[in-house]
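S.K.: Submitted below is the structure of interest, expressed as structure tokens.
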Amino acid sequence: MMRILAIDLGKNNRVACIYDAAGGSGEFRTFLTAADAICDLVTTVAPDRVVIEICPIAGWVGDLVSSTGVELQVANTSAPAWRWSNTKRKSDHDDALRLAQLSALNQLPQVAVPPRPTRQWRAMIRYRHHLVGRRTQIRNHIRALFDREDLSLPTGGLCWTQGGIAALGARAQSLDDVDMTELWRGELECELQALCAVEDLVTRVEKKLDDLEQKQERCQQLRTIPGVGPRLAEIVVAVLDDPKRFRTGKQVACYVGLTPRQYQSGDNDRQGRISRQGNSLLRAMLVEVS
């Protein structure tokens, strides 16, 4: 008899369904989001399998459950089998019950959760991407500020060289000293300070990523391919994690979301745009270097 503990993860509270696969009955419990509460629940229920859904906290929850020696399944809630479009009611209890039922039928769409070091590596890669986006936003705001004042700036990257930043700084003034007609100069000073801070963060994060990337043999192998640099190599290795879980290159392309959508009905068989499923940052990096 299979005893399944399915947990619908929430920010503050969680709903657990203790499901008897043989009898098809479920018992529900609600508890707070805390590591001690999960450990106590798993110890008390003593399930054969624990099922959770993929979410931001699935990493540490999965590590906690795996440390108890209980089988763990992590559901991919973005899969078609998890859609609620034809369901009139949706609740945390319904989610937990559905996790348990699909797992009992071996119909649960699952997702691989990498170990903690890989998750941390992925998070740092995405944080660098976030910092680069913030830097671009600040630069665009400075350009918009000069357009608003009918002033011109050098095109391309010339504006952001050491000399270009110095020229911008010559037009800036302390926000405390400007009068009402020159507030834009104070705004420029604030933006230049923010740009300097973000540039420093990007440099520090990239240095750390470079140190990590140089220790990865698979990254060094990928960099032997023309056009592949450290940023692309690291995200390919971090996202794919264990390459042995893919049997063919087509499975890798499907995992990243590079395979076309297919619509087949009778004599019609159309191949559409790419599915765009999987890691969006990896696809963006592949397009950027192509």
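Convention: chains lettered A, B, ... in structure tokens order; per-chain residue numbering from 1; ligands numbered from 1 as shown.
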Write down as a PDB file with C-alpha atoms, in the first residue's frame the residues belonging to region 11-254 of chain A that are assigned helix (DSSP H, G or I) by DSSP computed on the backbone.
M.R.:
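New file result.pdb:
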ATOM      1  CA  ALA A  35      11.507  23.646   8.286  1.00  0.00           C
ATOM      2  CA  ASP A  36      10.696  22.187  11.703  1.00  0.00           C
ATOM      3  CA  ALA A  37       7.036  21.773  10.752  1.00  0.00           C
ATOM      4  CA  ILE A  38       7.961  19.846   7.599  1.00  0.00           C
ATOM      5  CA  CYS A  39      10.340  17.563   9.479  1.00  0.00           C
ATOM      6  CA  ASP A  40       7.720  16.856  12.128  1.00  0.00           C
ATOM      7  CA  LEU A  41       5.075  16.130   9.486  1.00  0.00           C
ATOM      8  CA  VAL A  42       7.280  13.739   7.507  1.00  0.00           C
ATOM      9  CA  THR A  43       8.367  11.963  10.693  1.00  0.00           C
ATOM     10  CA  THR A  44       4.804  11.650  11.991  1.00  0.00           C
ATOM     11  CA  VAL A  45       3.166  10.540   8.742  1.00  0.00           C
ATOM     12  CA  ALA A  58      11.065  23.933  -3.619  1.00  0.00           C
ATOM     13  CA  GLY A  59      14.866  23.749  -3.435  1.00  0.00           C
ATOM     14  CA  TRP A  60      15.355  23.829   0.311  1.00  0.00           C
ATOM     15  CA  VAL A  61      12.115  21.931   0.947  1.00  0.00           C
ATOM     16  CA  GLY A  62      13.304  19.187  -1.396  1.00  0.00           C
ATOM     17  CA  ASP A  63      16.699  19.058   0.314  1.00  0.00           C
ATOM     18  CA  LEU A  64      14.958  18.739   3.666  1.00  0.00           C
ATOM     19  CA  VAL A  65      12.712  15.896   2.510  1.00  0.00           C
ATOM     20  CA  SER A  66      15.546  14.060   0.752  1.00  0.00           C
ATOM     21  CA  PRO A  80      -0.550  20.605 -19.754  1.00  0.00           C
ATOM     22  CA  ALA A  81      -1.689  17.944 -17.262  1.00  0.00           C
ATOM     23  CA  TRP A  82      -1.749  20.587 -14.535  1.00  0.00           C
ATOM     24  CA  ASP A  92      -4.907  24.643  -1.833  1.00  0.00           C
ATOM     25  CA  HIS A  93      -6.687  21.454  -0.762  1.00  0.00           C
ATOM     26  CA  ASP A  94      -7.553  20.673  -4.385  1.00  0.00           C
ATOM     27  CA  ASP A  95      -3.933  21.268  -5.431  1.00  0.00           C
ATOM     28  CA  ALA A  96      -2.569  18.939  -2.758  1.00  0.00           C
ATOM     29  CA  LEU A  97      -5.114  16.238  -3.598  1.00  0.00           C
ATOM     30  CA  ARG A  98      -4.369  16.482  -7.295  1.00  0.00           C
ATOM     31  CA  LEU A  99      -0.636  16.148  -6.635  1.00  0.00           C
ATOM     32  CA  ALA A 100      -1.281  12.963  -4.692  1.00  0.00           C
ATOM     33  CA  GLN A 101      -3.699  11.489  -7.236  1.00  0.00           C
ATOM     34  CA  LEU A 102      -1.439  12.100 -10.235  1.00  0.00           C
ATOM     35  CA  SER A 103       1.519  10.667  -8.345  1.00  0.00           C
ATOM     36  CA  ALA A 104      -0.448   7.556  -7.381  1.00  0.00           C
ATOM     37  CA  ARG A 116      22.090  23.277  -3.918  1.00  0.00           C
ATOM     38  CA  PRO A 117      25.481  24.343  -5.426  1.00  0.00           C
ATOM     39  CA  THR A 118      23.995  24.311  -8.922  1.00  0.00           C
ATOM     40  CA  ARG A 119      20.918  26.229  -7.767  1.00  0.00           C
ATOM     41  CA  GLN A 120      23.141  28.858  -6.180  1.00  0.00           C
ATOM     42  CA  TRP A 121      25.200  29.072  -9.374  1.00  0.00           C
ATOM     43  CA  ARG A 122      22.071  29.553 -11.475  1.00  0.00           C
ATOM     44  CA  ALA A 123      20.850  32.270  -9.114  1.00  0.00           C
ATOM     45  CA  MET A 124      24.152  34.153  -9.376  1.00  0.00           C
ATOM     46  CA  ILE A 125      24.059  33.954 -13.180  1.00  0.00           C
ATOM     47  CA  ARG A 126      20.551  35.362 -13.207  1.00  0.00           C
ATOM     48  CA  TYR A 127      21.561  38.041 -10.694  1.00  0.00           C
ATOM     49  CA  ARG A 128      24.301  39.191 -13.046  1.00  0.00           C
ATOM     50  CA  HIS A 129      21.733  39.392 -15.839  1.00  0.00           C
ATOM     51  CA  HIS A 130      19.500  41.453 -13.534  1.00  0.00           C
ATOM     52  CA  LEU A 131      22.368  43.844 -12.766  1.00  0.00           C
ATOM     53  CA  VAL A 132      23.121  44.296 -16.462  1.00  0.00           C
ATOM     54  CA  GLY A 133      19.464  45.136 -17.008  1.00  0.00           C
ATOM     55  CA  ARG A 134      19.576  47.729 -14.224  1.00  0.00           C
ATOM     56  CA  ARG A 135      22.685  49.264 -15.773  1.00  0.00           C
ATOM     57  CA  THR A 136      20.941  49.522 -19.128  1.00  0.00           C
ATOM     58  CA  GLN A 137      17.907  51.158 -17.500  1.00  0.00           C
ATOM     59  CA  ILE A 138      20.100  53.792 -15.839  1.00  0.00           C
ATOM     60  CA  ARG A 139      21.912  54.545 -19.077  1.00  0.00           C
ATOM     61  CA  ASN A 140      18.642  54.878 -20.962  1.00  0.00           C
ATOM     62  CA  HIS A 141      17.299  57.198 -18.276  1.00  0.00           C
ATOM     63  CA  ILE A 142      20.369  59.431 -18.580  1.00  0.00           C
ATOM     64  CA  ARG A 143      19.906  59.616 -22.348  1.00  0.00           C
ATOM     65  CA  ALA A 144      16.228  60.473 -21.872  1.00  0.00           C
ATOM     66  CA  LEU A 145      17.244  63.151 -19.378  1.00  0.00           C
ATOM     67  CA  PHE A 146      19.532  64.804 -21.926  1.00  0.00           C
ATOM     68  CA  ASP A 147      16.878  64.566 -24.641  1.00  0.00           C
ATOM     69  CA  ARG A 148      14.473  66.324 -22.320  1.00  0.00           C
ATOM     70  CA  GLY A 156      27.072  53.883 -28.767  1.00  0.00           C
ATOM     71  CA  GLY A 157      29.482  53.043 -25.996  1.00  0.00           C
ATOM     72  CA  LEU A 158      31.519  56.241 -26.237  1.00  0.00           C
ATOM     73  CA  CYS A 159      29.231  57.875 -23.713  1.00  0.00           C
ATOM     74  CA  TRP A 160      30.084  55.292 -21.040  1.00  0.00           C
ATOM     75  CA  GLN A 162      35.903  56.939 -18.501  1.00  0.00           C
ATOM     76  CA  GLY A 163      36.066  60.183 -20.455  1.00  0.00           C
ATOM     77  CA  GLY A 164      32.360  60.059 -21.260  1.00  0.00           C
ATOM     78  CA  ILE A 165      31.396  59.588 -17.614  1.00  0.00           C
ATOM     79  CA  ALA A 166      33.678  62.490 -16.665  1.00  0.00           C
ATOM     80  CA  ALA A 167      31.926  64.714 -19.221  1.00  0.00           C
ATOM     81  CA  LEU A 168      28.553  63.746 -17.780  1.00  0.00           C
ATOM     82  CA  GLY A 169      29.788  64.459 -14.284  1.00  0.00           C
ATOM     83  CA  ALA A 170      30.796  67.963 -15.322  1.00  0.00           C
ATOM     84  CA  ARG A 171      27.125  68.740 -16.012  1.00  0.00           C
ATOM     85  CA  MET A 180      14.138  74.608  -9.188  1.00  0.00           C
ATOM     86  CA  THR A 181      15.190  75.426 -12.764  1.00  0.00           C
ATOM     87  CA  GLU A 182      18.179  73.032 -12.683  1.00  0.00           C
ATOM     88  CA  LEU A 183      16.736  70.004 -10.928  1.00  0.00           C
ATOM     89  CA  TRP A 184      17.801  67.815 -13.838  1.00  0.00           C
ATOM     90  CA  ARG A 185      21.449  68.294 -12.839  1.00  0.00           C
ATOM     91  CA  GLY A 186      20.722  66.877  -9.401  1.00  0.00           C
ATOM     92  CA  GLU A 187      18.849  63.989 -10.992  1.00  0.00           C
ATOM     93  CA  LEU A 188      21.856  63.364 -13.240  1.00  0.00           C
ATOM     94  CA  GLU A 189      24.160  63.212 -10.240  1.00  0.00           C
ATOM     95  CA  CYS A 190      21.914  60.633  -8.569  1.00  0.00           C
ATOM     96  CA  GLU A 191      21.836  58.513 -11.715  1.00  0.00           C
ATOM     97  CA  LEU A 192      25.618  58.681 -12.135  1.00  0.00           C
ATOM     98  CA  GLN A 193      26.078  57.518  -8.553  1.00  0.00           C
ATOM     99  CA  ALA A 194      23.674  54.636  -9.158  1.00  0.00           C
ATOM    100  CA  LEU A 195      25.468  53.762 -12.413  1.00  0.00           C
ATOM    101  CA  CYS A 196      28.831  53.695 -10.650  1.00  0.00           C
ATOM    102  CA  ALA A 197      27.456  51.422  -7.923  1.00  0.00           C
ATOM    103  CA  VAL A 198      25.881  49.008 -10.411  1.00  0.00           C
ATOM    104  CA  GLU A 199      29.055  48.928 -12.528  1.00  0.00           C
ATOM    105  CA  ASP A 200      31.017  47.950  -9.431  1.00  0.00           C
ATOM    106  CA  LEU A 201      28.524  45.185  -8.625  1.00  0.00           C
ATOM    107  CA  VAL A 202      28.664  43.832 -12.182  1.00  0.00           C
ATOM    108  CA  THR A 203      32.459  43.713 -12.021  1.00  0.00           C
ATOM    109  CA  ARG A 204      32.462  41.885  -8.684  1.00  0.00           C
ATOM    110  CA  VAL A 205      29.803  39.373  -9.728  1.00  0.00           C
ATOM    111  CA  GLU A 206      31.506  38.651 -13.067  1.00  0.00           C
ATOM    112  CA  LYS A 207      34.821  38.098 -11.282  1.00  0.00           C
ATOM    113  CA  LYS A 208      33.192  35.534  -9.005  1.00  0.00           C
ATOM    114  CA  LEU A 209      31.462  33.859 -11.945  1.00  0.00           C
ATOM    115  CA  ASP A 210      34.760  33.747 -13.846  1.00  0.00           C
ATOM    116  CA  ASP A 211      36.411  31.995 -10.895  1.00  0.00           C
ATOM    117  CA  LEU A 212      33.602  29.427 -10.759  1.00  0.00           C
ATOM    118  CA  GLU A 213      33.548  28.926 -14.524  1.00  0.00           C
ATOM    119  CA  GLN A 214      37.284  28.245 -14.715  1.00  0.00           C
ATOM    120  CA  GLU A 217      35.767  21.247 -16.903  1.00  0.00           C
ATOM    121  CA  ARG A 218      32.591  21.189 -19.002  1.00  0.00           C
ATOM    122  CA  CYS A 219      32.714  24.988 -19.316  1.00  0.00           C
ATOM    123  CA  GLN A 220      36.273  24.815 -20.582  1.00  0.00           C
ATOM    124  CA  GLN A 221      35.278  22.199 -23.147  1.00  0.00           C
ATOM    125  CA  LEU A 222      32.413  24.371 -24.399  1.00  0.00           C
ATOM    126  CA  PRO A 230      32.428  32.306 -20.367  1.00  0.00           C
ATOM    127  CA  ARG A 231      28.904  33.699 -19.951  1.00  0.00           C
ATOM    128  CA  LEU A 232      27.318  31.308 -22.454  1.00  0.00           C
ATOM    129  CA  ALA A 233      29.366  28.317 -21.308  1.00  0.00           C
ATOM    130  CA  GLU A 234      28.432  28.756 -17.663  1.00  0.00           C
ATOM    131  CA  ILE A 235      24.699  29.061 -18.259  1.00  0.00           C
ATOM    132  CA  VAL A 236      24.641  26.029 -20.580  1.00  0.00           C
ATOM    133  CA  VAL A 237      26.370  23.891 -17.959  1.00  0.00           C
ATOM    134  CA  ALA A 238      24.307  25.280 -15.077  1.00  0.00           C
ATOM    135  CA  VAL A 239      20.945  24.844 -16.813  1.00  0.00           C
ATOM    136  CA  LEU A 240      21.576  21.382 -18.274  1.00  0.00           C
ATOM    137  CA  PRO A 243      23.701  15.846 -19.263  1.00  0.00           C
ATOM    138  CA  LYS A 244      23.178  12.103 -18.806  1.00  0.00           C
ATOM    139  CA  ARG A 245      19.458  12.658 -18.258  1.00  0.00           C
ATOM    140  CA  GLY A 249      20.370  16.319 -28.723  1.00  0.00           C
ATOM    141  CA  LYS A 250      16.720  16.784 -29.672  1.00  0.00           C
ATOM    142  CA  GLN A 251      15.742  16.259 -26.037  1.00  0.00           C
ATOM    143  CA  VAL A 252      18.174  19.010 -25.044  1.00  0.00           C
ATOM    144  CA  ALA A 253      16.674  21.372 -27.632  1.00  0.00           C
ATOM    145  CA  CYS A 254      13.175  20.526 -26.386  1.00  0.00           C
TER     146      CYS A 254
END
S.K.: Among the residues of region 42-290 of chain A, find those DSSP assigns to strand (DSSP E) from the backbone and print them as a list of chain:residue names.
M.R.: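 Taking region 42-290 of chain A and keeping strand (DSSP E) gives A:Arg49, A:Val50, A:Val51, A:Ile52, A:Glu53, A:Glu71, A:Leu72, A:Gln73, A:Val74, A:Ala75, A:Pro260, A:Arg261, A:Gln262, A:Tyr263, A:Gln264, A:Ser265, A:Asn268, A:Asp269, A:Arg270, A:Gln271, A:Gly272, A:Arg273, A:Ile274.
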S.K.: Would you work out the distance separating CA of Ser78 (chain A) from CA of Asp242 (chain A), expressed in Å to one decimal?
M.R.: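 Pair CA of Ser78 (chain A) / CA of Asp242 (chain A) returns 21.6 Å.
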